[in-house]
Structure formats: C-alpha cells, structure tokens
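With compact mmCIF, C-alpha atoms inside, this is final17.txt:
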```txt
# COMPACT_ATOMS: atom_id res chain seq x y z
CA MET A 159 57.32 104.45 132.57
CA LYS A 160 60.67 103.38 131.16
CA ILE A 161 61.36 105.51 128.08
CA THR A 162 62.81 103.66 125.11
CA TYR A 163 61.77 106.08 122.35
CA ILE A 164 60.55 109.69 122.24
CA ASP A 165 58.27 110.95 119.49
CA ILE A 166 59.08 114.66 119.66
CA HIS A 167 56.15 115.88 117.56
CA THR A 168 52.72 114.30 117.43
CA HIS A 169 49.07 115.30 117.67
CA LEU A 170 46.90 113.08 119.84
CA ASN A 171 45.16 116.37 120.62
CA LEU A 172 43.67 116.69 117.11
CA SER A 173 40.26 115.49 115.97
CA ALA A 174 41.71 112.40 114.26
CA PHE A 175 42.25 110.96 117.76
CA SER A 176 39.14 112.37 119.45
CA GLU A 177 37.63 108.91 119.92
CA ASP A 178 40.70 106.92 120.92
CA TRP A 179 43.64 109.05 122.05
CA LYS A 180 43.81 107.09 125.30
CA GLU A 181 44.18 103.83 123.40
CA ALA A 182 46.88 105.31 121.13
CA ALA A 183 48.73 106.65 124.15
CA LYS A 184 48.49 103.27 125.86
CA ARG A 185 49.91 101.48 122.81
CA ALA A 186 52.84 103.88 122.91
CA GLN A 187 53.34 103.46 126.66
CA GLU A 188 53.43 99.68 126.36
CA GLU A 189 56.39 99.94 123.98
CA GLY A 190 58.19 102.63 125.96
CA VAL A 191 57.34 105.45 123.54
CA ALA A 192 57.10 108.84 125.24
CA LEU A 193 55.62 111.62 123.16
CA ILE A 194 55.20 115.36 122.85
CA ASN A 195 51.69 116.49 121.92
CA VAL A 196 52.03 119.67 119.91
CA GLY A 197 49.63 122.59 120.17
CA THR A 198 48.54 124.48 117.05
CA GLN A 199 46.16 127.10 118.50
CA ARG A 200 44.27 127.84 121.74
CA ASP A 201 42.03 124.77 121.75
CA THR A 202 44.62 122.22 120.70
CA SER A 203 47.22 123.69 123.06
CA ALA A 204 44.81 123.36 125.98
CA ALA A 205 43.99 119.81 124.91
CA ALA A 206 47.69 118.95 124.64
CA VAL A 207 48.27 120.12 128.22
CA GLU A 208 45.17 118.35 129.51
CA ILE A 209 46.24 115.06 127.93
CA ALA A 210 49.83 115.46 129.13
CA ASP A 211 48.82 116.23 132.71
CA ALA A 212 46.66 113.11 132.79
CA THR A 213 49.01 110.68 131.07
CA ASP A 214 52.37 109.18 131.99
CA GLY A 215 55.02 109.64 129.32
CA VAL A 216 53.12 112.40 127.52
CA TYR A 217 54.31 116.01 127.28
CA ALA A 218 52.96 119.12 125.56
CA THR A 219 53.82 122.23 123.59
CA ILE A 220 51.66 125.35 123.39
CA GLY A 221 51.40 127.88 120.62
CA ILE A 222 49.94 129.05 117.33
CA HIS A 223 50.72 127.32 114.05
CA PRO A 224 51.37 129.94 111.35
CA VAL A 225 48.32 128.92 109.32
CA HIS A 226 46.19 129.85 112.33
CA ALA A 227 47.60 133.37 112.53
CA THR A 228 45.16 134.57 109.86
CA LYS A 229 41.68 133.73 108.63
CA SER A 230 42.25 131.35 105.74
CA TYR A 231 41.04 128.18 104.04
CA HIS A 232 43.30 125.15 103.72
CA ASP A 233 42.34 122.38 101.32
CA GLU A 234 43.28 118.72 100.92
CA GLN A 235 45.82 119.56 98.22
CA GLU A 236 47.73 121.55 100.80
CA LEU A 237 47.16 119.29 103.79
CA GLY A 238 47.47 115.88 102.19
CA PRO A 239 44.96 113.02 102.06
CA GLU A 240 45.06 112.44 105.83
CA GLN A 241 42.98 115.52 106.60
CA LYS A 242 39.94 117.25 105.18
CA GLY A 243 40.05 120.94 104.37
CA PHE A 244 39.36 123.46 107.12
CA THR A 245 38.93 127.18 107.61
CA SER A 246 41.19 128.84 110.17
CA ARG A 247 39.44 131.52 112.21
CA GLY A 248 42.67 133.45 112.76
CA GLU A 249 44.07 133.92 116.25
CA GLU A 250 45.89 136.68 118.09
CA PHE A 251 48.59 135.52 120.48
CA ASP A 252 47.09 135.84 123.96
CA HIS A 253 50.06 136.07 126.33
CA ASP A 254 48.10 135.52 129.53
CA TYR A 255 46.20 132.54 128.16
CA TYR A 256 49.37 130.74 127.10
CA ALA A 257 51.21 131.77 130.28
CA GLU A 258 48.51 130.02 132.29
CA LEU A 259 48.93 126.85 130.22
CA ALA A 260 52.70 127.07 130.66
CA LYS A 261 52.32 126.61 134.41
CA SER A 262 52.04 122.87 133.77
CA PRO A 263 55.39 121.13 134.31
CA LYS A 264 54.52 118.95 131.31
CA VAL A 265 54.83 121.92 128.90
CA VAL A 266 58.24 121.47 127.29
CA ALA A 267 58.23 123.92 124.36
CA VAL A 268 56.48 126.81 122.61
CA GLY A 269 54.95 126.09 119.24
CA GLU A 270 54.46 124.85 116.74
CA CYS A 271 55.15 128.35 115.56
CA GLY A 272 56.95 129.81 112.58
CA LEU A 273 56.28 130.69 108.95
CA ASP A 274 54.24 128.86 106.32
CA TYR A 275 54.40 130.37 102.84
CA TYR A 276 52.17 127.90 101.03
CA ARG A 277 49.75 130.13 99.10
CA VAL A 278 49.95 133.25 101.26
CA ASP A 279 49.88 136.94 100.40
CA LYS A 280 51.96 139.81 101.77
CA ASP A 281 49.50 140.63 104.54
CA ALA A 282 49.41 137.03 105.73
CA LYS A 283 53.21 136.88 105.79
CA GLU A 284 53.34 140.02 107.90
CA LYS A 285 50.79 138.61 110.34
CA GLN A 286 52.65 135.30 110.55
CA GLU A 287 55.88 137.15 111.28
CA GLU A 288 54.26 139.24 114.02
CA THR A 289 52.74 136.14 115.65
CA PHE A 290 56.03 134.25 115.37
CA ILE A 291 58.03 137.05 117.02
CA ARG A 292 55.58 137.24 119.91
CA GLN A 293 55.96 133.50 120.49
CA ILE A 294 59.75 133.70 120.32
CA GLU A 295 59.65 136.40 122.98
CA PHE A 296 57.24 134.28 125.04
CA ALA A 297 59.61 131.31 124.80
CA ASN A 298 62.44 133.56 126.00
CA GLU A 299 60.29 134.67 128.93
CA ILE A 300 59.30 131.19 130.12
CA GLU A 301 62.65 129.68 129.14
CA ARG A 302 61.29 126.91 126.94
CA PRO A 303 62.68 125.87 123.54
CA LEU A 304 60.87 126.62 120.30
CA MET A 305 59.11 124.02 118.18
CA LEU A 306 59.26 125.48 114.67
CA HIS A 307 56.98 124.88 111.72
CA VAL A 308 58.57 126.21 108.54
CA ARG A 309 57.27 125.62 105.02
CA ALA A 310 58.64 127.44 102.02
CA SER A 311 56.79 128.39 98.86
CA GLN A 312 57.25 125.90 96.04
CA GLY A 313 60.75 125.77 94.58
CA THR A 314 62.29 128.12 97.15
CA MET A 315 63.75 128.22 100.65
CA ASP A 316 62.10 131.57 101.43
CA ALA A 317 60.31 130.70 104.68
CA TYR A 318 63.42 128.99 106.05
CA GLU A 319 65.55 132.01 105.18
CA ASP A 320 63.10 134.39 106.85
CA ALA A 321 62.73 132.16 109.92
CA LEU A 322 66.49 132.08 110.35
CA VAL A 323 66.62 135.87 110.33
CA LEU A 324 63.94 136.11 113.02
CA VAL A 325 65.39 133.38 115.23
CA LYS A 326 68.85 134.94 115.09
CA ARG A 327 67.43 138.36 115.86
CA TYR A 328 65.02 137.51 118.68
CA ALA A 329 65.56 134.06 120.17
CA LYS A 330 67.47 133.48 123.38
CA VAL A 331 66.43 129.84 123.58
CA ARG A 332 67.21 126.71 121.61
CA GLY A 333 64.77 125.07 119.26
CA ASN A 334 63.87 122.40 116.75
CA VAL A 335 62.83 122.70 113.11
CA HIS A 336 60.14 120.06 112.93
CA PHE A 337 59.45 118.00 109.77
CA PHE A 338 62.50 119.49 108.10
CA ALA A 339 62.04 119.73 104.33
CA GLY A 340 64.71 122.24 103.42
CA SER A 341 68.07 121.98 101.74
CA LEU A 342 71.31 120.81 103.29
CA GLU A 343 72.61 124.38 103.08
CA VAL A 344 69.65 125.65 105.10
CA ALA A 345 69.96 122.81 107.61
CA LYS A 346 73.60 123.73 108.21
CA GLN A 347 72.57 127.29 109.04
CA PHE A 348 70.18 126.03 111.70
CA TRP A 349 72.77 123.62 113.09
CA ASP A 350 75.29 126.46 113.25
CA ILE A 351 73.07 128.28 115.76
CA GLY A 352 72.40 125.12 117.77
CA TYR A 353 68.94 124.37 116.38
CA SER A 354 68.05 120.76 115.65
CA THR A 355 66.19 119.24 112.73
CA SER A 356 63.66 116.43 112.99
CA PHE A 357 62.38 113.92 110.47
CA THR A 358 59.23 111.91 109.93
CA GLY A 359 58.12 108.70 108.25
CA VAL A 360 58.68 110.47 104.92
CA LEU A 361 62.22 109.07 105.17
CA THR A 362 60.82 105.58 104.62
CA PHE A 363 59.37 106.33 101.19
CA THR A 364 61.52 109.08 99.66
CA HIS A 365 65.23 109.82 99.41
CA ASP A 366 64.78 113.61 99.29
CA TYR A 367 66.27 114.18 102.74
CA ASP A 368 68.84 111.39 102.97
CA ALA A 369 71.80 113.77 102.64
CA VAL A 370 70.50 116.02 105.40
CA VAL A 371 69.96 113.09 107.76
CA GLN A 372 73.43 111.79 107.00
CA ALA A 373 75.10 115.17 107.55
CA ALA A 374 73.29 116.18 110.73
CA PRO A 375 75.43 116.50 113.86
CA LYS A 376 74.58 113.54 116.05
CA GLU A 377 73.35 115.83 118.86
CA LEU A 378 71.03 117.86 116.59
CA ILE A 379 68.75 115.27 115.01
CA HIS A 380 65.37 113.96 116.15
CA ALA A 381 62.67 111.50 115.09
CA GLU A 382 58.97 112.33 115.03
CA THR A 383 55.72 111.07 113.55
CA ASP A 384 53.65 114.25 113.08
CA ALA A 385 50.75 111.84 113.59
CA PRO A 386 48.08 111.51 112.34
CA TYR A 387 49.95 112.46 109.14
CA VAL A 388 52.62 110.77 106.94
CA ALA A 389 52.56 107.21 108.28
CA PRO A 390 55.84 105.43 107.58
CA VAL A 391 56.32 102.20 105.66
CA PRO A 392 54.89 99.63 106.45
CA HIS A 393 51.87 101.64 107.63
CA ARG A 394 51.31 103.80 104.54
CA GLY A 395 47.64 104.56 103.98
CA GLU A 396 46.81 104.16 107.67
CA ARG A 397 46.34 106.83 110.28
CA ASN A 398 49.75 107.46 111.78
CA GLU A 399 50.28 107.27 115.54
CA PRO A 400 53.17 107.80 118.01
CA LEU A 401 54.00 104.09 118.22
CA HIS A 402 55.22 104.24 114.61
CA VAL A 403 58.11 106.53 115.51
CA ARG A 404 60.09 103.32 115.92
CA GLU A 405 60.19 103.02 112.12
CA VAL A 406 61.67 106.51 111.85
CA TYR A 407 64.35 105.63 114.40
CA LYS A 408 65.26 102.56 112.36
CA LYS A 409 65.45 104.51 109.11
CA ILE A 410 67.65 107.21 110.58
CA ALA A 411 70.04 104.56 111.85
CA GLU A 412 70.08 102.89 108.44
CA LEU A 413 70.74 106.13 106.55
CA ARG A 414 73.57 107.09 108.89
CA GLY A 415 75.11 103.61 108.91
CA GLU A 416 74.73 103.42 112.68
CA ASP A 417 73.91 100.51 114.94
CA GLU A 418 70.17 100.72 115.67
CA GLU A 419 70.61 100.60 119.45
CA VAL A 420 73.34 103.25 119.41
CA MET A 421 71.19 105.53 117.27
CA ARG A 422 68.11 104.89 119.40
CA ALA A 423 69.96 105.91 122.55
CA GLN A 424 71.36 109.01 120.84
CA LEU A 425 67.95 110.18 119.62
CA VAL A 426 66.38 109.69 123.05
CA GLU A 427 69.23 111.61 124.65
CA ASN A 428 68.84 114.43 122.12
CA ALA A 429 65.14 114.78 122.87
CA SER A 430 65.77 114.63 126.60
CA ASN A 431 68.43 117.33 126.40
CA LEU A 432 66.37 119.78 124.35
CA PHE A 433 63.00 119.32 126.02
CA GLY A 434 64.05 118.47 129.56
CA ILE A 435 62.41 115.06 129.58
CA LEU A 436 63.88 112.83 132.28
CA ILE A 437 64.88 109.39 130.99
```

Target format structure tokens, applied to this file:
Amino acid sequence: MKITYIDIHTHLNLSAFSEDWKEAAKRAQEEGVALINVGTQRDTSAAAVEIADATDGVYATIGIHPVHATKSYHDEQELGPEQKGFTSRGEEFDHDYYAELAKSPKVVAVGECGLDYYRVDKDAKEKQEETFIRQIEFANEIERPLMLHVRASQGTMDAYEDALVLVKRYAKVRGNVHFFAGSLEVAKQFWDIGYSTSFTGVLTFTHDYDAVVQAAPKELIHAETDAPYVAPVPHRGERNEPLHVREVYKKIAELRGEDEEVMRAQLVENASNLFGILI
C-alpha cells in the first residue's frame, strides 16, 4: 500500500465499527490512508492488534484509557452524542498480557494512557496516576512511544500539568498528546520535551485551537480523526472514519498558511518518525 496520509489515532476496534470495520479500512486503503487503531483497555487493545495484523496499512496501540482505570459511569454529556453512556469495569494494568500483545510488529505505541479529570474524585485520580506510571514504565521497557489521553477539569489545565510532571519524571520515550485541547502555554511545555500534539476534525468547526496549530513546530504536529467521534466538516453529524483525516490535513495546512502538498508530506513524515511506520 502506498501511504499518502496517516490517521494517527482512530478506533475501528470499537463497537461503532463492529459490523463494517473491514469496509472502513478498505475505503481508507483505497485513498492511501494508513491508520493507527488505538487500544483503550484489554479487549479493545487485543482487537486493535488483531485488526492490524490482518490488514495492510493498519497499525495498533495497546493500553488502558484513564477512564478505564477505575469502576465508573460515563454518560452522553461527557462522551458526546456519538456514543451512548457506558460503565467502566475498572482494569488493573496486566504487564504480561500487554507484553504478549506487544510482540506484534504492528504495535507502534502504548496507550491511550494518561489522566482524565472530568468528574473524578481524589481516589480516582490516584488510581489513574498509578495506572499511567505503570504504562510509562512499560513503554520504556518495550521502547515504544506513548499515546497520551489528557483531559483537564473544566476551566483548568490541571490534568495537563500533572501529566507533564509524570512524563518528565518517568518517561524515557517520546510521545504524542492526542486530541490536544490545552492552552498554547501547555503545548509549548510538551514541545519543549519533544512531545507532539495532534488535532482532530474539531479544527474544521471551531477556532479554539488555531493559535496552537499555527505555533506548533513543524516536526511536532499530527492529524487524527479519533473516529468514530468528532467528524469534520463536511461530515458533521455522521459517524467519523479514518478516511476523513484528509479534511484535518487540509485544515492544518490552511491554518498554517502552508501549501497542502507540503503540509501533507510533513504530517506523514512526522507520523512515520514517531511511530516507526515505513512510508
């Protein structure tokens, strides 16, 4: 497969694609869109690896999303209209289980792991931190980059600030802050330690992150879909899918005042360099 685009963060391994992930992957392949299926817990990490091993141009990450570190309920207000509420069973990080998954050459990162402070108490924060540290240490061990999920409590940058502390203290590998929604000041702190920031179709319908996109070092920016969520214009209201990452590429080029082809090549190179994807 000739790679023309790379969607660095997507979820064909989630239930939204249970009936047609092969068709969605094929649509991406036909347009040269490679993709990284991102694990969120044991089951979805295993599914990500299974899909990647069976499909050209598809890669995987493995890990525990912070909301799955504790038993908790997550409603539509939190998750957005693309997903119904669910109850997380809570999961301990099982080193041997994830080490077995990591034997696949298609596993390119650990995560999505990190901190999510949307409606959490002190005990949940402590459990998230413990689970995050264990995954950082696992990433160090298997020498894979980190795929970070960080969400601050409303009106603050608290989870970003705490994640920075932990990454600086424990990480020996590079990483990406997926679906970046922090301030320019916070973004600069991640860039200063060589961590990249990635952006979704949100860029096509809000200007909240324009300044961050414009200021990002050219080697430390990525495009993603986070499908099935946040479909870009002109696909708003539809289920998102990896093919639509092309719209994010275009918007990043527009915001940065770059030629679309130059920006496309840069974004593909960035993804290749961080995740070891041959192009």

### Task
Would you kindly return, as a PyMOL selection string, each protein, DNA or RNA residue with an atom no farther than 9 Å from any atom of Glu399 in chain A, considering all atoms listed in the file and excluding same-chain residues fewer than 6 positions away?
chain A and resi 168-170+182-183+186+383-387+389

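Atom to atom, CA of Glu412 in chain A and CA of Asp350 in chain A stand 24.6 Å apart.
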
## Note on the structure
Between A:Gly415, A:Gly221, A:Gly190, A:Gly215, smallest distance to Thr202 in chain A by only C-alpha atoms belongs to A:Gly221

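For the pair CA of Gln293 in chain A and CA of Arg277 in chain A, the separation is 22.5 Å.
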
### Query
So which one's closest to Arg327 in chain A, A:Glu288, A:Pro400, A:Ile294, A:Gly269? Using only C-alpha atoms, please.
A:Ile294

### Query
What lies within 6 Å of Val216 in chain A using all atoms listed in the file, ignoring chain neighbours under 2 positions off, as a PyMOL selection string?
chain A and resi 192-194+210+213-214

### Residue contacts of Tyr163 in chain A (9 Å, only C-alpha atoms) excluding same-chain residues fewer than 6 positions away, as JSON, numbers by chain
{"A": [189, 190, 191, 192, 193, 403, 404, 407, 422, 423, 425, 426]}

Find the residues of range 272-303 of chain A that sit at most 12 Å from range 333-345 of chain A; for each, write down the nearest two atoms and how far apart they are in Å, to one decimal. Count all atoms listed in the file. Sort by chain, then by number going up, and give it as a Markdown table.
```
| residue | atom | partner | partner_atom | distance |
| --- | --- | --- | --- | --- |
| A:Gly272 | CA | A:Val335 | CA | 9.2 |
| A:Leu273 | CA | A:Val335 | CA | 11.1 |
| A:Ile294 | CA | A:Gly333 | CA | 10.0 |
| A:Ala297 | CA | A:Gly333 | CA | 9.8 |
| A:Asn298 | CA | A:Gly333 | CA | 11.1 |
| A:Glu301 | CA | A:Gly333 | CA | 11.1 |
| A:Arg302 | CA | A:Gly333 | CA | 8.6 |
| A:Pro303 | CA | A:Gly333 | CA | 4.8 |
```

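Distances here use only C-alpha atoms; by that measure, the residue among A:Val196, A:Leu432, A:Ile209, A:Ala321 closest to Val268 in chain A is A:Val196.
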
Incomplete range 275-294 of chain A filled out to N, CA and C atoms as a compact mmCIF listing (two decimals), in the coordinates of the input:
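Output file selection_3.txt is given in full below:
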```
# COMPACT_ATOMS: atom_id res chain seq x y z
N TYR A 275 54.61 129.54 104.03
CA TYR A 275 54.40 130.37 102.84
C TYR A 275 53.66 129.66 101.72
N TYR A 276 52.97 128.58 102.04
CA TYR A 276 52.17 127.90 101.03
C TYR A 276 50.95 128.76 100.73
N ARG A 277 50.90 129.34 99.53
CA ARG A 277 49.75 130.13 99.10
C ARG A 277 49.36 131.23 100.09
N VAL A 278 50.29 132.13 100.39
CA VAL A 278 49.95 133.25 101.26
C VAL A 278 50.29 134.56 100.56
N ASP A 279 49.59 135.63 100.96
CA ASP A 279 49.88 136.94 100.40
C ASP A 279 50.74 137.75 101.37
N LYS A 280 51.07 138.96 100.98
CA LYS A 280 51.96 139.81 101.77
C LYS A 280 51.39 140.07 103.16
N ASP A 281 50.10 140.35 103.24
CA ASP A 281 49.50 140.63 104.54
C ASP A 281 49.57 139.43 105.47
N ALA A 282 49.33 138.24 104.92
CA ALA A 282 49.41 137.03 105.73
C ALA A 282 50.83 136.79 106.23
N LYS A 283 51.81 137.04 105.37
CA LYS A 283 53.21 136.88 105.79
C LYS A 283 53.54 137.82 106.94
N GLU A 284 53.07 139.04 106.84
CA GLU A 284 53.34 140.02 107.90
C GLU A 284 52.69 139.59 109.21
N LYS A 285 51.47 139.07 109.13
CA LYS A 285 50.79 138.61 110.34
C LYS A 285 51.48 137.39 110.92
N GLN A 286 51.91 136.47 110.08
CA GLN A 286 52.65 135.30 110.55
C GLN A 286 53.93 135.73 111.27
N GLU A 287 54.63 136.69 110.68
CA GLU A 287 55.88 137.15 111.28
C GLU A 287 55.62 137.77 112.66
N GLU A 288 54.59 138.61 112.74
CA GLU A 288 54.26 139.24 114.02
C GLU A 288 53.94 138.19 115.08
N THR A 289 53.14 137.19 114.71
CA THR A 289 52.74 136.14 115.65
C THR A 289 53.95 135.29 116.05
N PHE A 290 54.82 135.03 115.10
CA PHE A 290 56.03 134.25 115.37
C PHE A 290 56.93 134.99 116.35
N ILE A 291 57.16 136.27 116.13
CA ILE A 291 58.03 137.05 117.02
C ILE A 291 57.48 137.06 118.44
N ARG A 292 56.18 137.22 118.57
CA ARG A 292 55.58 137.24 119.91
C ARG A 292 55.78 135.90 120.62
N GLN A 293 55.74 134.82 119.87
CA GLN A 293 55.96 133.50 120.49
C GLN A 293 57.43 133.26 120.81
N ILE A 294 58.32 133.78 119.98
CA ILE A 294 59.75 133.70 120.32
C ILE A 294 60.01 134.43 121.64
```
